[in-house]
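Okay, entry08.cif now, which holds mmCIF, C-alpha atoms:
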```
data_work
loop_
_atom_site.label_atom_id
_atom_site.label_comp_id
_atom_site.auth_asym_id
_atom_site.auth_seq_id
_atom_site.Cartn_x
_atom_site.Cartn_y
_atom_site.Cartn_z
CA MET A 775 -52.36 -72.50 22.62
CA GLU A 776 -53.76 -72.10 19.14
CA GLN A 777 -53.68 -73.18 15.57
CA CYS A 778 -50.43 -71.68 14.33
CA ASN A 779 -49.79 -72.33 10.71
CA GLU A 780 -52.19 -74.84 9.22
CA PRO A 781 -55.88 -74.51 8.31
CA ASP A 782 -57.88 -76.28 11.00
CA ARG A 783 -61.53 -77.17 11.45
CA ARG A 784 -61.51 -76.92 15.24
CA ASP A 785 -63.13 -74.05 17.09
CA TRP A 786 -60.08 -72.65 18.85
CA ALA A 787 -62.09 -70.00 20.70
CA ALA A 788 -64.31 -72.71 22.22
CA TRP A 789 -61.18 -74.75 23.01
CA HIS A 790 -60.30 -72.10 25.60
CA ASP A 791 -63.46 -72.86 27.60
CA ALA A 792 -61.57 -75.55 29.51
CA TYR A 793 -59.56 -72.77 31.17
CA ASP A 794 -62.77 -71.82 33.01
CA GLU A 795 -63.14 -75.28 34.57
CA PRO A 796 -61.32 -75.04 37.93
CA GLY A 797 -60.26 -78.68 38.03
CA SER A 798 -59.18 -79.07 34.43
CA ALA A 799 -55.56 -79.69 33.46
CA LEU A 800 -55.64 -76.52 31.37
CA SER A 801 -56.76 -74.37 34.31
CA ARG A 802 -54.07 -75.89 36.54
CA ARG A 803 -51.46 -75.31 33.86
CA LEU A 804 -52.64 -71.74 33.40
CA ARG A 805 -52.27 -70.95 37.10
CA THR A 806 -48.76 -72.40 37.09
CA VAL A 807 -47.72 -70.43 34.01
CA GLN A 808 -49.14 -67.23 35.45
CA GLN A 809 -47.17 -67.67 38.67
CA ARG A 810 -43.94 -68.25 36.76
CA LEU A 811 -44.67 -65.18 34.60
CA ARG A 812 -45.11 -62.98 37.64
CA GLU A 813 -41.79 -64.20 39.00
CA ALA A 814 -40.05 -63.49 35.69
CA VAL A 815 -41.38 -59.93 35.61
CA ASP A 816 -40.44 -59.48 39.28
CA ALA A 817 -36.85 -60.37 38.34
CA ALA A 818 -36.63 -58.05 35.33
CA PRO A 819 -34.34 -55.01 35.65
CA PRO A 820 -35.87 -51.52 35.80
CA GLY A 821 -37.27 -50.10 32.57
CA ARG A 822 -39.26 -51.49 29.70
CA ILE A 823 -40.00 -55.22 29.67
CA ARG A 824 -40.47 -56.64 26.19
CA VAL A 825 -42.64 -59.75 25.91
CA VAL A 826 -43.56 -61.99 22.99
CA SER A 827 -45.96 -64.91 23.04
CA LEU A 828 -45.98 -67.68 20.42
CA CYS A 829 -49.39 -69.19 19.65
CA ALA A 830 -50.88 -66.78 22.16
CA GLY A 831 -54.52 -67.80 21.93
CA GLN A 832 -56.60 -65.37 23.98
CA GLY A 833 -53.60 -64.19 25.98
CA ARG A 834 -54.98 -65.54 29.23
CA ASP A 835 -51.53 -66.38 30.60
CA LEU A 836 -49.85 -63.01 30.08
CA ILE A 837 -52.87 -60.75 30.63
CA GLY A 838 -54.27 -62.76 33.50
CA ALA A 839 -50.92 -62.87 35.28
CA LEU A 840 -49.91 -59.25 34.90
CA ARG A 841 -53.07 -57.12 34.72
CA ASP A 842 -52.59 -56.11 38.36
CA HIS A 843 -48.81 -56.41 38.52
CA PRO A 844 -46.94 -53.34 39.82
CA ARG A 845 -44.86 -53.30 36.62
CA ARG A 846 -47.78 -53.62 34.24
CA ASP A 847 -47.03 -50.26 32.66
CA ASP A 848 -43.47 -51.35 31.85
CA LEU A 849 -44.74 -54.12 29.58
CA ALA A 850 -44.41 -53.83 25.81
CA GLY A 851 -45.45 -56.98 24.06
CA ARG A 852 -46.76 -58.80 21.03
CA LEU A 853 -49.14 -61.76 21.18
CA VAL A 854 -49.00 -63.69 17.91
CA GLU A 855 -52.06 -65.79 17.08
CA LEU A 856 -53.55 -67.09 13.84
CA ASP A 857 -57.20 -67.37 14.85
CA PRO A 858 -58.88 -63.95 14.38
CA ALA A 859 -61.56 -64.57 17.04
CA ASN A 860 -58.91 -65.27 19.63
CA VAL A 861 -56.93 -62.22 18.55
CA ARG A 862 -59.98 -60.03 19.05
CA ARG A 863 -60.51 -61.43 22.53
CA ALA A 864 -56.85 -61.03 23.45
CA GLY A 865 -56.77 -57.46 22.19
CA ALA A 866 -59.91 -56.55 24.10
CA ALA A 867 -58.56 -58.17 27.28
CA ALA A 868 -55.28 -56.25 26.99
CA ARG A 869 -57.13 -52.96 26.57
CA GLU A 870 -59.44 -53.72 29.48
CA ALA A 871 -56.40 -54.52 31.63
CA GLY A 872 -54.78 -51.20 30.75
CA MET A 873 -51.85 -52.84 28.94
CA LYS A 874 -51.47 -50.05 26.45
CA ARG A 875 -48.27 -51.35 24.83
CA VAL A 876 -49.33 -55.00 24.56
CA SER A 877 -50.83 -55.85 21.18
CA ALA A 878 -52.45 -59.00 19.79
CA VAL A 879 -51.86 -59.62 16.09
CA VAL A 880 -53.09 -62.13 13.55
CA GLY A 881 -49.98 -63.89 12.33
CA ASP A 882 -48.19 -67.16 11.76
CA ALA A 883 -46.38 -67.77 15.04
CA SER A 884 -44.20 -70.43 13.45
CA ARG A 885 -42.35 -67.90 11.28
CA THR A 886 -39.67 -65.54 12.50
CA ASP A 887 -41.17 -62.67 10.48
CA ALA A 888 -43.98 -62.47 13.05
CA TYR A 889 -41.56 -61.13 15.66
CA ALA A 890 -39.78 -58.44 13.64
CA GLY A 891 -39.82 -55.23 15.63
CA ALA A 892 -40.80 -56.99 18.87
CA VAL A 893 -37.53 -58.74 19.70
CA PRO A 894 -35.16 -59.18 21.42
CA ALA A 895 -37.62 -59.81 24.23
CA ASP A 896 -37.09 -60.09 27.97
CA VAL A 897 -39.85 -62.70 28.39
CA VAL A 898 -40.76 -65.27 25.73
CA LEU A 899 -43.84 -67.48 26.12
CA VAL A 900 -43.88 -70.82 24.32
CA CYS A 901 -47.02 -72.26 25.87
CA GLY A 902 -49.17 -74.85 24.13
CA VAL A 903 -46.63 -75.27 21.34
CA PHE A 904 -44.28 -78.15 22.12
CA GLY A 905 -47.13 -80.64 22.56
CA ASN A 906 -48.50 -79.86 19.10
CA ILE A 907 -45.36 -80.18 16.98
CA ALA A 908 -42.97 -82.99 16.10
CA ASP A 909 -40.04 -83.65 18.43
CA ALA A 910 -37.56 -82.52 15.79
CA ASP A 911 -39.39 -79.20 15.56
CA VAL A 912 -39.29 -78.79 19.33
CA GLU A 913 -35.52 -79.10 19.15
CA ARG A 914 -35.36 -76.76 16.17
CA THR A 915 -37.53 -74.13 17.85
CA ILE A 916 -35.39 -74.14 20.99
CA GLY A 917 -32.31 -73.70 18.81
CA LEU A 918 -33.88 -70.61 17.22
CA LEU A 919 -35.03 -68.98 20.46
CA PRO A 920 -31.74 -67.03 20.87
CA GLN A 921 -33.04 -64.94 17.94
CA LEU A 922 -36.01 -63.89 20.07
CA CYS A 923 -34.24 -63.43 23.40
CA ALA A 924 -32.51 -60.46 24.98
CA PRO A 925 -29.61 -61.15 27.38
CA GLY A 926 -31.02 -62.74 30.52
CA ALA A 927 -34.45 -63.34 28.96
CA PHE A 928 -36.84 -65.76 30.62
CA VAL A 929 -38.53 -68.42 28.50
CA VAL A 930 -41.68 -69.98 29.94
CA TRP A 931 -42.75 -73.13 28.10
CA THR A 932 -45.20 -76.01 28.44
CA ARG A 933 -45.33 -79.62 27.30
CA ASN A 934 -47.52 -82.49 28.51
CA ARG A 935 -45.64 -85.26 30.33
CA GLN A 936 -47.61 -88.21 29.04
CA PRO A 937 -45.33 -91.09 28.03
CA PRO A 938 -43.07 -90.93 26.25
CA ASP A 939 -42.18 -87.84 28.29
CA LEU A 940 -40.15 -85.48 26.13
CA THR A 941 -39.35 -83.15 29.03
CA PRO A 942 -35.86 -84.57 29.79
CA ARG A 943 -34.80 -84.04 26.18
CA ILE A 944 -36.33 -80.55 26.12
CA ARG A 945 -34.24 -79.64 29.16
CA GLU A 946 -31.12 -80.95 27.42
CA TRP A 947 -31.87 -78.93 24.28
CA PHE A 948 -32.29 -75.75 26.30
CA ALA A 949 -28.98 -76.37 28.07
CA ARG A 950 -27.25 -76.94 24.73
CA HIS A 951 -28.26 -73.44 23.61
CA ASP A 952 -27.10 -71.59 26.73
CA PHE A 953 -30.35 -71.59 28.64
CA GLU A 954 -30.15 -72.09 32.40
CA GLU A 955 -32.96 -74.05 33.98
CA ARG A 956 -34.72 -72.02 36.67
CA TRP A 957 -37.81 -74.09 37.41
CA ILE A 958 -39.56 -77.26 36.25
CA SER A 959 -42.94 -78.58 37.37
CA PRO A 960 -42.96 -81.89 39.29
CA PRO A 961 -43.26 -85.07 37.21
CA GLU A 962 -46.22 -86.25 39.27
CA GLU A 963 -48.41 -83.88 37.25
CA ARG A 964 -48.57 -85.95 34.07
CA ALA A 965 -51.25 -83.96 32.25
CA TYR A 966 -48.97 -80.99 31.73
CA GLY A 967 -45.48 -79.71 32.37
CA VAL A 968 -44.23 -76.15 32.78
CA GLY A 969 -40.63 -75.04 32.58
CA VAL A 970 -38.69 -71.80 32.99
CA HIS A 971 -35.27 -71.22 31.47
CA ARG A 972 -33.10 -68.11 31.47
CA PHE A 973 -30.97 -67.22 28.46
CA ASN A 974 -27.32 -66.77 29.38
CA GLY A 975 -25.95 -66.82 25.85
CA ARG A 976 -25.33 -64.22 23.19
CA PRO A 977 -28.48 -63.06 21.37
CA GLN A 978 -28.58 -63.77 17.66
CA PRO A 979 -29.94 -61.44 14.96
CA LEU A 980 -33.45 -62.27 13.82
CA ARG A 981 -33.35 -64.02 10.45
CA ARG A 982 -36.49 -63.27 8.49
CA GLY A 983 -38.30 -65.93 6.47
CA VAL A 984 -37.41 -68.86 8.75
CA ARG A 985 -40.02 -71.43 9.75
CA MET A 986 -39.41 -72.59 13.30
CA PHE A 987 -41.95 -75.41 13.35
CA THR A 988 -45.01 -76.92 11.67
CA PHE A 989 -48.13 -77.08 13.81
CA ILE A 990 -49.60 -80.59 13.64
CA GLY A 991 -51.93 -80.83 16.64
CA TYR A 992 -51.80 -82.86 19.83
CA ASP A 993 -54.64 -85.15 18.75
CA ILE A 994 -52.95 -86.16 15.51
CA LEU A 995 -49.60 -86.65 17.23
CA ARG A 996 -51.22 -88.74 19.95
CA ASN A 997 -53.16 -90.97 17.60
CA GLY A 998 -50.45 -91.30 15.01
CA ASP A 999 -52.78 -90.24 12.23
CA PRO A 1000 -51.13 -89.03 9.03
CA TRP A 1001 -51.06 -85.27 8.63
CA PRO A 1002 -53.15 -84.36 5.61
CA THR A 1003 -51.26 -82.79 2.74
#
```
Let's see the structure in the file written out as C-alpha cells.
Amino acid sequence: MEQCNEPDRRDWAAWHDAYDEPGSALSRRLRTVQQRLREAVDAAPPGRIRVVSLCAGQGRDLIGALRDHPRRDDLAGRLVELDPANVRRAGAAAREAGMKRVSAVVGDASRTDAYAGAVPADVVLVCGVFGNIADADVERTIGLLPQLCAPGAFVVWTRNRQPPDLTPRIREWFARHDFEERWISPPEERAYGVGVHRFNGRPQPLRRGVRMFTFIGYDILRNGDPWPT
C-alpha cells in the first residue's frame, strides 16, 4: 500500500517496516496475499503471465510470493507506485529476484494512463487500496477493473474488516461486473480481509485519462477528519 495520488507527509518507506513484525496484521495479510498470488499463477495457462499492481509500495507481495516460483520467468509486470523511495526498493528487489520483465515505475496508480501498455493483465493486485479510499470510489474502481483484466484474470484485493465492514458490498460489486468469487478470508480476522475474484466477463478497452479513485488515507477515513483541499 502507498500514497497514490495526493501529496502526503508520511514516510511510506518506513510504513512498510510493520511487514517485518511477524505478529503484525500487515505481516499476516502479506502472507495471505502471497499464498493467493501463488495459487493464481499456478492456475494461469502456459505462456506469458501479465501482472499489474496498483499502489504497489515495495512490491513485497508480488516479489516475495513469486521469486522462487517455477513460473517466475513467465511473469511480465508493472508495479505502479508514487513514492520514489519505494519504487527504488521494489525495482531492486525485482532485479535481485531475477524478475527481468517486472518493472517498478513512479506513477499515479489512480489513473488509467499508468497501465497503458501493461494491460490486459492476467493478475491484478489491488492491495492496500480499498481501505484508503471512499466507498463510492471502491465501487467505481471495481467497475473499471474490466479495463485492466484479460479474460479469466485473477484480482487479489484487500480491505480491513473493521465495522462497518464493507466486504459484503465489495463482493456484490465484483459480482455485478462479472467477477466470480474464488476465495475470501474468514471474518474472524477483523484487522484485514483478503479476497480473490476471477474475471469471467468481456474485457473493455483501456480509456486513458480516467481517474479511478482519490487516495484519502485510512487514518483520515477512520477519524472522519476533513480531507485538506
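Evaluated against the shown file, the PyMOL selection byres ((chain A and resi 810) around 9) gives Arg805, Thr806, Val807, Gln808, Gln809, Leu811, Arg812, Glu813, Ala814, Val815, Ala839, Val930, Trp957, Val968, Gly969 and Val970 of chain A.
Evaluating the PyMOL selection byres ((chain A and resi 917) around 10) against the shown model yields Asp911, Val912, Glu913, Arg914, Thr915, Ile916, Leu918, Leu919, Pro920, Gln921, Trp947, Phe948, Arg950, His951, Asp952 and Met986 of chain A.
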Picked residues, the PyMOL selection byres ((chain A and resi 885) around 6), as a list in words: Asp882, Ala883, Ser884, Thr886, Asp887, Ala888, Val984, Arg985 and Met986 of chain A
Nearest residue to A:Thr932 from the set A:His971, A:Arg822, A:Arg803, A:Arg956 (distances using all atoms listed in the file):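 Ranking A:His971, A:Arg822, A:Arg803, A:Arg956 by distance to A:Thr932, first place goes to A:Arg803.
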Do you know which residues are at most 8 Å from A:Arg976 counting all atoms listed in the file, after dropping those on the same chain fewer than 2 positions away, and could you put them as a PDB file with C-alpha atoms, in the frame of the given file?
```
ATOM      1  CA  PRO A 920     -31.740 -67.030  20.870  1.00  0.00           C
ATOM      2  CA  PRO A 925     -29.610 -61.150  27.380  1.00  0.00           C
ATOM      3  CA  ASN A 974     -27.320 -66.770  29.380  1.00  0.00           C
ATOM      4  CA  GLN A 978     -28.580 -63.770  17.660  1.00  0.00           C
TER       5      GLN A 978
END
```
